[in-house]
Amino acid sequence: MPFLPGFLFARSRSWDTIARMTVHAPTQYRPDANTIDAAFLTDVVTGHIRLTSEQALTLYHDMPLHELGRWADARCRHLHGDHIRTYVIDRNINYTNVCTAKCTFCAFRRDGDEHDAYTLSYDELLAKIEELVAIGGTQILMQGGMNPELPLNWYLELLTQIKSRFPKVHVHAFSPPEFIEFISFFDPPGATLEDKLRYVMTQLHAAGLDSVPGGGGEIFADAVRRKIGLGKCDAEAWLTTMRVAHELGMNTSATMMFGHIEGIADRIHHMDLIRQWQDRSIADFAKDGGGRYKAFISWPFQRENTPLGRAKEWGQSQSDDLSQPFPGDVVAKLDGSGVKSDHPEFGRRVRLAGSTAYLRTQAISRLFLDNIYSIGSSWVTMGPHIGQVALGYGANDMGSVMMEENVVSSAGTTYCLNEPTLCRLIRDAGFLPAQRNNEYNLLKVHAGPDSPDLRIDDWSTLRAQRLHTEQSQPAVTAVDLTVSK
Ligand code: SF4
């Protein structure tokens, strides 16, 4: 057991200070240091030293799970203090499921002529926001498929109507793949991708778009992305979209979906690109009021009802030799240069991530992403209780009360939590629950007897509703993945 300095756990900050904190990344590396040395990791935790990609990979593979969790927790406490962990009340609104892309991990998309294809009307969208406001919600997360039938004016009018009816609701909307398709659908003027993005994004921002969610990040490495994200933008386009948002003063989040065909080095490479582009955004735009990545959220791939989910698990085929590395690990390179030809079964085998792989990956993200303020727990995919445990593995935020979710629930996982339950999970983990806004400013710290969870006398009613419902699914027949190209 390494030495974990007591001062890291005794730290205490006022709530106000925590809310205003920004993250300053260190510029110093110590590539020759013993990565699992306590003195070295103490410097990482206190923000004096930055992990290299190689060191992050070593920690992932070599450090026992709980030990890794303790270091990630120490880093989280250094940034966010010992007292408060946050949540937001927002609503996921998926305005259309019509999509030109064919991501192999997606069970949500439809072609425009399918019987259950939909696009919400303005009235339906506004009614959903009204319900959100009624329960004290402050933000909508609005993403859709990439629907070629919707012109730019449809989005501008939608945002205008939202802001005129609900001026205080924060609109966190349209992920980078949607923006890249907007460029293709709307053909805006501009010599470069950045010019075109700036043209479209400026108009949407003026109409009411407040910030940009990090959907569609998946895994950036080209070999993986080409296999799983058919028709979706590449890493460069994704990162460029966020850079333009930062230039225009909007904050964004970043995401990663792992536990499929990728290697562990691909996960580190993904985080490394986010860290590099965050450095650039802060250096280039922060002094003029620019935005930045405020949060990173990662979650394991949900397999049900998806083409990718029908790929065999590694070891399921008699020809798989488990004494050899997983194909994704053979292909993956820390600089993202892996090529699919490095393993004949690459893309045809998945390695699903369970709770420990999730916690390990999240802990690494907290230690590695030294220039990102918030790490979000993914209880939506992992379930409330692992989501709660994640607060001890580097996460400072429990994300949102879930009124509605359509994308991962299409892939077989449905968890719904109300505000009292979310607060109770945070409190039972040893923290004060606090409602935040999109900027991570604290709106309400639930310290008194009127806290949402402390007002509940009888939890049996909530228990009866179940925290976690998994849809029953037909048995999955293992087949080779044939949709890759
Ligand atoms: S994940 Fe998004 S972009 Fe990909 S097919 Fe599904 S809806 Fe379309």
# chains A, B, ... in the order shown; residues from 1 in each chain; ligands from 1
$ residues_near_ligand --ligand "ligand 1" --cutoff "8 Å" --atoms "only C-alpha atoms and all ligand atoms" --output "PyMOL selection string"
chain A and resi 97-110+144-146+177-178+216+229-232+407
$ select_by_dssp --residues "segment 124-169 of chain A" --states "strand (DSSP E)" --output "PyMOL selection string"
chain A and resi 139-143
$ residues_around --residues "segment 66-70 of chain A" --least-positions-apart "2" --cutoff "6 Å" --atoms "only C-alpha atoms" --output "compact mmCIF listing (two decimals) with C-alpha atoms, in the first residue's frame"
# COMPACT_ATOMS: atom_id res chain seq x y z
CA MET A 63 -1.90 -0.45 -10.16
CA PRO A 64 -4.43 -2.39 -8.05
CA ALA A 72 -7.99 9.51 -8.36
CA ASP A 73 -10.08 10.39 -5.30
CA ALA A 363 -9.88 6.94 -12.33
CA TYR A 393 -12.92 6.93 -8.12
$ atom_distance --atom1 "atom CA of Gln435 of chain A" --atom2 "atom CA of Pro452 of chain A"
10.6 Å
$ residues_around --residues "segment 161-173 of chain A" --least-positions-apart "4" --cutoff "6 Å" --atoms "only C-alpha atoms" --output "list in words"
Thr138, Gln139, Ile140, Leu141, Met142, Gln143, Leu209, Asp210, Ser211, Val212 and Pro213 of chain A
$ select_by_dssp --residues "segment 121-365 of chain A" --states "alpha helix (DSSP H)" --output "NGL selection string"
:A and (122-134 or 152-165 or 176-186 or 193-207 or 222-228 or 235-247 or 264-285 or 327-331 or 355-365)
$ closest_residue --among "A:Ser337, A:Gln316, A:Asn371, A:Thr192" --to "Asp222 of chain A" --atoms "only C-alpha atoms"
A:Ser337
$ residues_around --residues "Val224 of chain A" --least-positions-apart "5" --cutoff "7 Å" --atoms "only C-alpha atoms" --output "mmCIF file with C-alpha atoms, in the first residue's frame"
data_model
loop_
_atom_site.group_PDB
_atom_site.id
_atom_site.type_symbol
_atom_site.label_atom_id
_atom_site.label_comp_id
_atom_site.auth_asym_id
_atom_site.auth_seq_id
_atom_site.Cartn_x
_atom_site.Cartn_y
_atom_site.Cartn_z
ATOM 1 C CA ILE A 219 -12.958 6.511 -29.570
ATOM 2 C CA ILE A 261 -13.184 -3.251 -30.176
ATOM 3 C CA GLU A 262 -10.615 -0.744 -28.896
#
$ atom_distance --atom1 "atom CA of Asp458 of chain A" --atom2 "atom CA of Asp428 of chain A"
16.5 Å
$ residues_around --residues "Ile268 of chain A" --least-positions-apart "2" --cutoff "8 Å" --atoms "only C-alpha atoms" --output "PyMOL selection string"
chain A and resi 53+56-57+264-266+270-272+334
$ write_last_selection --atoms "N, CA and C atoms" --output "compact mmCIF listing (two decimals), in the first residue's frame"
# COMPACT_ATOMS: atom_id res chain seq x y z
N SER A 53 1.37 9.76 -21.53
CA SER A 53 0.49 8.68 -21.96
C SER A 53 1.03 7.33 -21.51
N ALA A 56 0.23 6.81 -17.90
CA ALA A 56 -1.19 6.50 -17.70
C ALA A 56 -1.47 5.04 -18.03
N LEU A 57 -0.84 4.55 -19.10
CA LEU A 57 -1.05 3.14 -19.49
C LEU A 57 -0.48 2.21 -18.43
N ILE A 264 -6.65 -0.68 -24.79
CA ILE A 264 -6.55 0.28 -23.68
C ILE A 264 -5.77 1.52 -24.12
N ALA A 265 -4.75 1.32 -24.96
CA ALA A 265 -3.97 2.48 -25.43
C ALA A 265 -4.85 3.45 -26.22
N ASP A 266 -5.90 2.93 -26.88
CA ASP A 266 -6.81 3.84 -27.59
C ASP A 266 -7.52 4.78 -26.63
N HIS A 270 -7.23 8.79 -26.75
CA HIS A 270 -8.43 9.62 -26.81
C HIS A 270 -8.34 10.76 -25.78
N MET A 271 -7.98 10.40 -24.55
CA MET A 271 -7.86 11.43 -23.51
C MET A 271 -6.73 12.40 -23.84
N ASP A 272 -5.68 11.89 -24.43
CA ASP A 272 -4.54 12.74 -24.76
C ASP A 272 -4.93 13.82 -25.77
N LEU A 334 -0.42 4.38 -28.67
CA LEU A 334 -0.66 5.59 -27.87
C LEU A 334 -0.73 6.86 -28.71
$ atom_distance --atom1 "atom CA of Cys423 of chain A" --atom2 "atom CA of Val445 of chain A"
10.4 Å
$ closest_atom_pairs --of "segment 310-401 of chain A" --to "segment 79-88 of chain A" --cutoff "9 Å" --atoms "only C-alpha atoms" --output "CSV"
residue,atom,partner,partner_atom,distance
A:Tyr373,CA,A:Leu79,CA,7.7
A:Ser374,CA,A:His80,CA,8.8
A:Leu391,CA,A:Arg85,CA,8.0
A:Ala395,CA,A:Arg85,CA,8.5
A:Asn396,CA,A:Arg85,CA,5.3
A:Asp397,CA,A:Thr86,CA,4.7
A:Met398,CA,A:Tyr87,CA,5.1
A:Gly399,CA,A:Tyr87,CA,5.0
A:Ser400,CA,A:Val88,CA,4.8
A:Val401,CA,A:Val88,CA,6.7
$ write_last_selection --atoms "C-alpha atoms" --output "PDB file, in the first residue's frame"
ATOM      1  CA  TYR A 373     -12.594  20.653 -14.234  1.00  0.00           C
ATOM      2  CA  SER A 374     -15.239  17.979 -13.875  1.00  0.00           C
ATOM      3  CA  LEU A 391     -17.680   9.217  -6.581  1.00  0.00           C
ATOM      4  CA  ALA A 395     -15.903  11.654 -10.191  1.00  0.00           C
ATOM      5  CA  ASN A 396     -17.176  14.882  -8.639  1.00  0.00           C
ATOM      6  CA  ASP A 397     -20.493  15.002 -10.426  1.00  0.00           C
ATOM      7  CA  MET A 398     -23.439  12.621 -10.711  1.00  0.00           C
ATOM      8  CA  GLY A 399     -24.794  14.152 -13.900  1.00  0.00           C
ATOM      9  CA  SER A 400     -28.484  14.608 -14.242  1.00  0.00           C
ATOM     10  CA  VAL A 401     -31.735  13.586 -12.736  1.00  0.00           C
TER      11      VAL A 401
END
$ residues_around --residues "segment 148-155 of chain A" --least-positions-apart "5" --cutoff "10 Å" --atoms "only C-alpha atoms" --output "mmCIF file with N, CA and C atoms, in the first residue's frame"
data_model
loop_
_atom_site.group_PDB
_atom_site.id
_atom_site.type_symbol
_atom_site.label_atom_id
_atom_site.label_comp_id
_atom_site.auth_asym_id
_atom_site.auth_seq_id
_atom_site.Cartn_x
_atom_site.Cartn_y
_atom_site.Cartn_z
ATOM 1 N N THR A 96 -34.927 14.188 -33.008
ATOM 2 C CA THR A 96 -35.251 13.320 -34.151
ATOM 3 C C THR A 96 -34.420 12.050 -34.049
ATOM 4 N N VAL A 98 -34.121 10.272 -36.975
ATOM 5 C CA VAL A 98 -33.725 10.065 -38.367
ATOM 6 C C VAL A 98 -32.248 10.425 -38.501
ATOM 7 N N CYS A 99 -31.470 9.519 -39.090
ATOM 8 C CA CYS A 99 -30.029 9.761 -39.108
ATOM 9 C C CYS A 99 -29.388 9.167 -40.348
ATOM 10 N N THR A 100 -28.518 9.957 -40.961
ATOM 11 C CA THR A 100 -27.812 9.490 -42.163
ATOM 12 C C THR A 100 -26.633 8.580 -41.817
ATOM 13 N N GLY A 112 -35.410 7.677 -42.678
ATOM 14 C CA GLY A 112 -36.563 8.578 -42.688
ATOM 15 C C GLY A 112 -37.872 7.892 -43.029
ATOM 16 N N THR A 119 -39.659 13.115 -35.872
ATOM 17 C CA THR A 119 -39.057 14.412 -35.555
ATOM 18 C C THR A 119 -40.073 15.143 -34.691
ATOM 19 N N TYR A 122 -42.285 21.595 -32.672
ATOM 20 C CA TYR A 122 -41.907 22.627 -31.698
ATOM 21 C C TYR A 122 -42.781 22.509 -30.440
ATOM 22 N N THR A 160 -35.045 30.032 -31.083
ATOM 23 C CA THR A 160 -35.711 31.304 -30.794
ATOM 24 C C THR A 160 -36.957 31.071 -29.942
ATOM 25 N N GLN A 161 -37.728 30.047 -30.307
ATOM 26 C CA GLN A 161 -38.947 29.781 -29.528
ATOM 27 C C GLN A 161 -38.602 29.324 -28.106
ATOM 28 N N GLU A 181 -22.514 17.385 -40.015
ATOM 29 C CA GLU A 181 -23.560 17.131 -41.010
ATOM 30 C C GLU A 181 -24.293 18.417 -41.375
ATOM 31 N N PHE A 182 -24.432 19.354 -40.432
ATOM 32 C CA PHE A 182 -25.033 20.651 -40.791
ATOM 33 C C PHE A 182 -24.241 21.277 -41.946
ATOM 34 N N ILE A 183 -22.919 21.164 -41.870
ATOM 35 C CA ILE A 183 -22.073 21.729 -42.940
ATOM 36 C C ILE A 183 -22.414 21.064 -44.267
ATOM 37 N N SER A 184 -22.604 19.768 -44.215
ATOM 38 C CA SER A 184 -22.918 19.044 -45.441
ATOM 39 C C SER A 184 -24.335 19.379 -45.922
ATOM 40 N N PHE A 185 -25.298 19.457 -45.003
ATOM 41 C CA PHE A 185 -26.692 19.717 -45.411
ATOM 42 C C PHE A 185 -26.905 21.164 -45.847
ATOM 43 N N PHE A 186 -26.299 22.132 -45.130
ATOM 44 C CA PHE A 186 -26.628 23.552 -45.360
ATOM 45 C C PHE A 186 -25.672 24.234 -46.342
ATOM 46 N N PRO A 188 -22.804 25.966 -46.023
ATOM 47 C CA PRO A 188 -22.567 27.375 -45.676
ATOM 48 C C PRO A 188 -21.326 27.917 -46.387
ATOM 49 N N VAL A 200 -22.171 28.651 -39.234
ATOM 50 C CA VAL A 200 -23.389 27.999 -38.721
ATOM 51 C C VAL A 200 -23.514 28.194 -37.215
ATOM 52 N N GLN A 203 -24.671 31.618 -35.883
ATOM 53 C CA GLN A 203 -26.118 31.862 -35.975
ATOM 54 C C GLN A 203 -26.886 31.097 -34.904
ATOM 55 N N LEU A 204 -26.499 29.855 -34.681
ATOM 56 C CA LEU A 204 -27.196 29.063 -33.657
ATOM 57 C C LEU A 204 -26.947 29.644 -32.268
ATOM 58 N N ALA A 207 -29.070 32.586 -31.751
ATOM 59 C CA ALA A 207 -30.488 32.233 -31.593
ATOM 60 C C ALA A 207 -30.779 31.602 -30.242
ATOM 61 N N GLY A 208 -29.741 31.177 -29.504
ATOM 62 C CA GLY A 208 -30.022 30.627 -28.174
ATOM 63 C C GLY A 208 -29.194 29.442 -27.747
ATOM 64 N N LEU A 209 -28.321 28.946 -28.620
ATOM 65 C CA LEU A 209 -27.459 27.830 -28.214
ATOM 66 C C LEU A 209 -26.440 28.334 -27.193
#
$ closest_atom_pairs --of "segment 48-151 of chain A" --to "segment 275-297 of chain A" --cutoff "12 Å" --atoms "only C-alpha atoms" --output "Markdown table"
| residue | atom | partner | partner_atom | distance |
| --- | --- | --- | --- | --- |
| A:Arg50 | CA | A:Arg275 | CA | 10.6 |
| A:Leu51 | CA | A:Arg275 | CA | 11.0 |
| A:Thr52 | CA | A:Arg275 | CA | 11.1 |
| A:Ser53 | CA | A:Arg275 | CA | 10.8 |
